[in-house]
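These notes concern the structure reproduced below.
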Number of protein chains: 2
Amino acid sequence: MTELRNDRLLRALLRQPVDVTPVWLMRQAGRYLPEYRATRARAGSFLALCQTPELACEVTLQPLARFPLDAAILFSDILTIPDAMGLGLSFSEGEGPIFARPVRSATDIVRLSAPDPETELRYVMDTVRLIRRELAGRVPLIGFSGSPWTLATYMVEGGSSKDFARIKGLLYDQPELLHQLLKTTARAVTAYLNAQVAAGAQALMMFDTWGGVLSPRAYREFSLAYMAQIVADLTREIDGQRIPVILFTKGGGAWLEDIAATGCDAVGVDWAVDLGEARRRVGSQVALQGNLDPVALAAAPERLRAQVAQVLADFGPWPGHVFNLGHGIQQWVDPERALVLVEAVHELSAPYHAGADS
Amino acid sequence: MTELRNDRLLRALLRQPVDVTPVWLMRQAGRYLPEYRATRARAGSFLALCQTPELACEVTLQPLARFPLDAAILFSDILTIPDAMGLGLSFSEGEGPIFARPVRSATDIVRLSAPDPETELRYVMDTVRLIRRELAGRVPLIGFSGSPWTLATYMVEGGSSKDFARIKGLLYDQPELLHQLLKTTARAVTAYLNAQVAAGAQALMMFDTWGGVLSPRAYREFSLAYMAQIVADLTREIDGQRIPVILFTKGGGAWLEDIAATGCDAVGVDWAVDLGEARRRVGSQVALQGNLDPVALAAAPERLRAQVAQVLADFGPWPGHVFNLGHGIQQWVDPERALVLVEAVHELSAPYHAGADS
């Protein structure tokens with residue numbers, strides 16, 4: 001494969017010295033970009049966009065053409081796995097994902113099996129291969145998946161939820177059944193992520209979007225334990241190159257030490273936690289990724305730069321920081337403002353890395 | 001005034017010994033009760049229900065007739081203050097509160113003034129007086145208010161919000177202007193809570209429902225600082241009886257020490273924090289209120305009792321626990337299940353208080 005010309009992301013995830021702090025943005029290929037909206041219109045639907053490798057590759061690369069980002073992330077949806085399991089995914093405008101056949105009973109759960117990624121999710125693997133070829137070594141490609149708990153919330157609720165009453169009902173009333181669902185889902189996630197690595201993903205991220213709605217005890221038992229198992233089962237090296245793994249539990253600031261102890265390489269942090277305190281808590285065990293409030297992108301350029309400077313100062317002059325938002329970039333963001341952010345990260349972080357040989 | 005026959009709540013809030021752990025439920029007067037829905041239908045609208053002292057008193061007392069609760073809480077809405085400021089509150093079915101005249105510009109903010117509670121919010125004070133008379137000393141009455149930050153989010157957004165883009169835009173771009181809004185709102189909250197105490201409230205609670213969407217730095221500057229100022233300005237004793245103050249920041253588990261340091265008597269805790277760890281963190285500085293996941297009320301009675309037992313065990317055999325949910329009770333709850341919860345708290349907590357003379 002082509003040599004990687006910008007390896008800042010991989011170096012930072014492995015806590016190695018870099019010249020400037022690498023930066024990428026969760027959901028960087030998305031609706032805030034007019035060119036994304038144009039491609040999506042051509043695709044006809046969000047799902048068609050995800051399922052057509054040429055178009056998914058195209059939108060993956062769009063933000064890289066605008067901003068000096070240090071990583072690409074596979075354009076896809078976290079719900080591809082349950083869709084491949086036969087739950088019948090669709091997206092209704094404004095209401096988010098909907099499953100035609102949600103998982104509610106023991107019969108539903110027993111019937112599920114982990115899809116084979118290279119056949120049943122081949123369009124994702126083809127997209128990964130295509131992006132790698134098109135990137136031609138410019139920046140590394142991040143592959144991703146939802147966490148088993150997060151996928152299970154959608155599978156049981158049948159879509160988005162406010163209070164997660166159905167899956168928590170399962171958790172409180174039939175915990176063994178929920179464990180069975182999570183086990184199958186965890187097997188599927190492991191196979192899916194390993195297939196992405198085989199197809200060319202150079203780093204992996206697991207999104208535990210809804211781990212934060214659990215109590216600490218339930219989080220450890222129903223979300224973290226499965227992520228830890230997956231981390232242990234992932235391909236972590238290809239051709240002598242380490243494949244770093246990032247775990248991100250939104251709203252999981254209280255559990256950073258536990259997440260760091262899973263054996264992952266980096267922990268995603270939302271803006272509810274001070275990044276300096278997060279670093280002190282996890283020590284040199286892992287790198288950290290985050291954690292600007294996405295709404296800071298609404299601020300005037302100089303105010304936005306000050307917020308970027310604050311996040312960099314919070315983290316301090318240590319190795320192991322990947323700059324990102326604390327959550328996905330929102331659709332109302334002015335792309336010019338995203339450029340301000342990315343340039344500010346590179347410019348304002350340089351002093352923290354002075355003397356580092358990268 | 002009539003002597004208080006059940007003072008468990010006040011004793012627990014002041015960390016004094018009790019025979020059993022007192023329990024009440026956030027939003028205990030609410031839509032899960034058929035008798036509430038009947039009264040609301042008679043009132044015509046939610047706002048009319050809040051503004052008619054006889055009806056507001058009636059729904060306040062309804063849960064006490066069903067369950068052996070240890071407190072009544074004033075039935076009202078946190079948005080009465082901005083409504084009295086002239087923002088024009090209404091409620092649309094399913095969409096929540098809407099302000100006809102949200103606060104967006106410097107001109108809007110300068111124009112605001114703190115309403116006089118005994119004239120402009122007289123219906124609330126009349127309700128407090130009526131409830132106290134009707135309670136006749138059965139249990140204490142809790143008065144409440146939203147926190148300045150939480151009220152400001154509704155005032156600026158014009159209603160509920162997903163990302164708080166408008167008020168955070170203000171926070172990042174014009175922090176001085178936001179401070180001006182919060183200052184006026186804090187003055188209004190102080191006067192409102194003190195008027196409730198004068199009218200008969202025997203404990204106070206401040207709901208900071210949206211403090212948890214802030215970064216730690218922003219939380220301290222824009223939410224906690226104003227709550228601390230209010231706590232310092234409240235009437236804390238009437239006729240030799242201490243009026244305990246509870247502060248509750250939803251999603252504020254990371255900041256319990258800071259909240260405890262404001263001088264409040266008790267800190268509300270949601271289910272994202274282990275109550276035992278919360279107690280170790282705040283030590284003997286304050287009492288704690290919480291923290292069962294409201295969705296546990298979906299579980300079968302025996303499973304629900306086990307969850308209650310777990311919360312009691314987490315807190316342990318110390319003074320200063322008021323049992324509650326981590327958030328308001330939801331409308332789908334079977335009232336029979338709420339009875340299971342309340343009875344389980346009294347029954348299962350007794351051993352923790354054995355030997356205490358109360």
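Letters A, B, ... mark the chains of the structure tokens in the order given; residue numbers begin at 1 per chain; ligand numbers begin at 1, in order shown.
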Quiz item: Using only C-alpha atoms, which residues sit within 7 Å of Tyr172 in chain B once same-chain residues fewer than 5 positions away are excluded, as a PyMOL selection string?
Solution: chain A and resi 296+299+303
Quiz item: Mind checking DSSP for range 108-153 of chain A and telling me the alpha helix (DSSP H) residues as a PyMOL selection string?
Solution: chain A and resi 108-111+117-120+122-135+148-153
Exercise. Fewer than 6 positions away in the same chain doesn't count, so skip those; otherwise give me all residues within 9 Å of Leu13 in chain A, counting only C-alpha atoms, as an MDAnalysis selection string.
Key: chainID A and resid 203 244:246 265:266 286:289 319:322
Could you write out the selected residues, including N, CA and C atoms, as a compact mmCIF listing (two decimals), in the first residue's frame?
```
# COMPACT_ATOMS: atom_id res chain seq x y z
N ALA A 203 -7.32 2.92 11.69
CA ALA A 203 -7.63 3.15 13.11
C ALA A 203 -9.11 2.82 13.25
N PRO A 244 -4.74 1.62 16.04
CA PRO A 244 -5.25 2.15 17.32
C PRO A 244 -6.77 2.09 17.40
N VAL A 245 -7.26 1.89 18.61
CA VAL A 245 -8.70 1.80 18.86
C VAL A 245 -9.12 2.91 19.83
N ILE A 246 -10.14 3.65 19.42
CA ILE A 246 -10.69 4.74 20.24
C ILE A 246 -12.07 4.32 20.75
N ASP A 265 -6.61 2.21 22.88
CA ASP A 265 -5.48 3.13 22.78
C ASP A 265 -5.86 4.56 23.14
N ALA A 266 -7.12 4.90 22.93
CA ALA A 266 -7.54 6.28 23.17
C ALA A 266 -8.99 6.31 23.63
N VAL A 286 -3.60 5.99 28.11
CA VAL A 286 -4.26 6.13 26.80
C VAL A 286 -4.11 7.57 26.30
N ALA A 287 -4.34 7.75 25.00
CA ALA A 287 -4.49 9.09 24.44
C ALA A 287 -5.93 9.55 24.66
N LEU A 288 -6.16 10.85 24.48
CA LEU A 288 -7.52 11.38 24.62
C LEU A 288 -7.92 12.10 23.35
N GLN A 289 -9.18 12.00 23.00
CA GLN A 289 -9.70 12.66 21.81
C GLN A 289 -10.87 13.55 22.21
N PRO A 319 2.11 14.29 25.21
CA PRO A 319 1.76 13.55 23.99
C PRO A 319 0.37 12.92 24.17
N GLY A 320 -0.28 12.64 23.04
CA GLY A 320 -1.52 11.86 23.14
C GLY A 320 -2.79 12.65 23.11
N HIS A 321 -2.84 13.75 22.35
CA HIS A 321 -4.11 14.45 22.19
C HIS A 321 -4.50 14.52 20.72
N VAL A 322 -5.71 14.07 20.42
CA VAL A 322 -6.31 14.26 19.10
C VAL A 322 -7.44 15.26 19.30
```
Practice problem: Pick out the chain B residues within 7 Å of chain A. Count only C-alpha atoms. Give them as a VMD selection string. | Solution: chain B and resid 165 168 to 169 172 to 173 214 to 216 254 271 to 274 295 to 296 298 to 300 303
Take the residues just selected and output them with N, CA and C atoms as a PDB file, in the first residue's frame.
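Result file is out34.pdb:
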```
ATOM      1  N   ALA B 165     -28.220  25.980  20.976  1.00  0.00           N
ATOM      2  CA  ALA B 165     -27.339  26.760  20.101  1.00  0.00           C
ATOM      3  C   ALA B 165     -27.476  28.258  20.362  1.00  0.00           C
ATOM      4  N   LYS B 168     -26.020  29.197  23.928  1.00  0.00           N
ATOM      5  CA  LYS B 168     -24.570  28.987  23.930  1.00  0.00           C
ATOM      6  C   LYS B 168     -23.886  29.962  22.980  1.00  0.00           C
ATOM      7  N   GLY B 169     -24.569  30.340  21.916  1.00  0.00           N
ATOM      8  CA  GLY B 169     -24.033  31.390  21.052  1.00  0.00           C
ATOM      9  C   GLY B 169     -23.803  32.656  21.865  1.00  0.00           C
ATOM     10  N   TYR B 172     -20.821  32.132  24.259  1.00  0.00           N
ATOM     11  CA  TYR B 172     -19.493  32.223  23.651  1.00  0.00           C
ATOM     12  C   TYR B 172     -19.216  33.609  23.087  1.00  0.00           C
ATOM     13  N   ASP B 173     -20.258  34.249  22.519  1.00  0.00           N
ATOM     14  CA  ASP B 173     -20.032  35.504  21.801  1.00  0.00           C
ATOM     15  C   ASP B 173     -20.222  36.748  22.662  1.00  0.00           C
ATOM     16  N   LEU B 214     -23.429  22.028  29.974  1.00  0.00           N
ATOM     17  CA  LEU B 214     -22.299  22.980  29.937  1.00  0.00           C
ATOM     18  C   LEU B 214     -20.970  22.276  30.172  1.00  0.00           C
ATOM     19  N   SER B 215     -19.894  22.902  29.727  1.00  0.00           N
ATOM     20  CA  SER B 215     -18.547  22.446  30.099  1.00  0.00           C
ATOM     21  C   SER B 215     -18.344  22.782  31.574  1.00  0.00           C
ATOM     22  N   PRO B 216     -17.379  22.140  32.233  1.00  0.00           N
ATOM     23  CA  PRO B 216     -17.172  22.405  33.666  1.00  0.00           C
ATOM     24  C   PRO B 216     -16.928  23.892  33.942  1.00  0.00           C
ATOM     25  N   ALA B 254     -20.408  15.200  37.984  1.00  0.00           N
ATOM     26  CA  ALA B 254     -18.973  15.505  38.067  1.00  0.00           C
ATOM     27  C   ALA B 254     -18.697  16.646  39.050  1.00  0.00           C
ATOM     28  N   TRP B 271     -29.188   9.282  38.360  1.00  0.00           N
ATOM     29  CA  TRP B 271     -28.766   7.876  38.453  1.00  0.00           C
ATOM     30  C   TRP B 271     -27.441   7.587  37.751  1.00  0.00           C
ATOM     31  N   ALA B 272     -26.821   8.618  37.160  1.00  0.00           N
ATOM     32  CA  ALA B 272     -25.535   8.403  36.501  1.00  0.00           C
ATOM     33  C   ALA B 272     -24.393   8.283  37.507  1.00  0.00           C
ATOM     34  N   VAL B 273     -24.686   8.555  38.772  1.00  0.00           N
ATOM     35  CA  VAL B 273     -23.658   8.509  39.811  1.00  0.00           C
ATOM     36  C   VAL B 273     -24.030   7.436  40.826  1.00  0.00           C
ATOM     37  N   ASP B 274     -23.051   6.674  41.285  1.00  0.00           N
ATOM     38  CA  ASP B 274     -23.287   5.736  42.374  1.00  0.00           C
ATOM     39  C   ASP B 274     -23.439   6.544  43.660  1.00  0.00           C
ATOM     40  N   VAL B 295     -36.861   4.809  35.097  1.00  0.00           N
ATOM     41  CA  VAL B 295     -37.352   3.713  34.261  1.00  0.00           C
ATOM     42  C   VAL B 295     -37.395   2.389  35.038  1.00  0.00           C
ATOM     43  N   ALA B 296     -36.757   2.357  36.211  1.00  0.00           N
ATOM     44  CA  ALA B 296     -36.861   1.162  37.051  1.00  0.00           C
ATOM     45  C   ALA B 296     -38.315   0.913  37.439  1.00  0.00           C
ATOM     46  N   ALA B 298     -40.619   0.617  35.516  1.00  0.00           N
ATOM     47  CA  ALA B 298     -41.190  -0.282  34.517  1.00  0.00           C
ATOM     48  C   ALA B 298     -40.996  -1.740  34.924  1.00  0.00           C
ATOM     49  N   ALA B 299     -40.131  -1.996  35.885  1.00  0.00           N
ATOM     50  CA  ALA B 299     -39.781  -3.374  36.235  1.00  0.00           C
ATOM     51  C   ALA B 299     -40.881  -4.038  37.068  1.00  0.00           C
ATOM     52  N   ALA B 300     -40.877  -5.355  37.066  1.00  0.00           N
ATOM     53  CA  ALA B 300     -41.807  -6.120  37.896  1.00  0.00           C
ATOM     54  C   ALA B 300     -41.548  -5.779  39.368  1.00  0.00           C
ATOM     55  N   ARG B 303     -38.363  -7.000  41.071  1.00  0.00           N
ATOM     56  CA  ARG B 303     -37.159  -6.398  40.478  1.00  0.00           C
ATOM     57  C   ARG B 303     -37.031  -4.940  40.923  1.00  0.00           C
TER      58      ARG B 303
END
```
Practice problem: From a DSSP calculation on the backbone, collect every residue of range 130-358 of chain A in strand (DSSP E) and output the set as a VMD selection string. | Solution: chain A and resid 141 to 146 203 to 208 237 to 238 241 to 242 245 to 249 266 to 269 287 to 292 321 to 325
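Counting only C-alpha atoms and comparing B:Asp314, B:Glu3, B:Glu120, B:Glu58, the residue that lies closest to Glu134 in chain B is B:Glu58.
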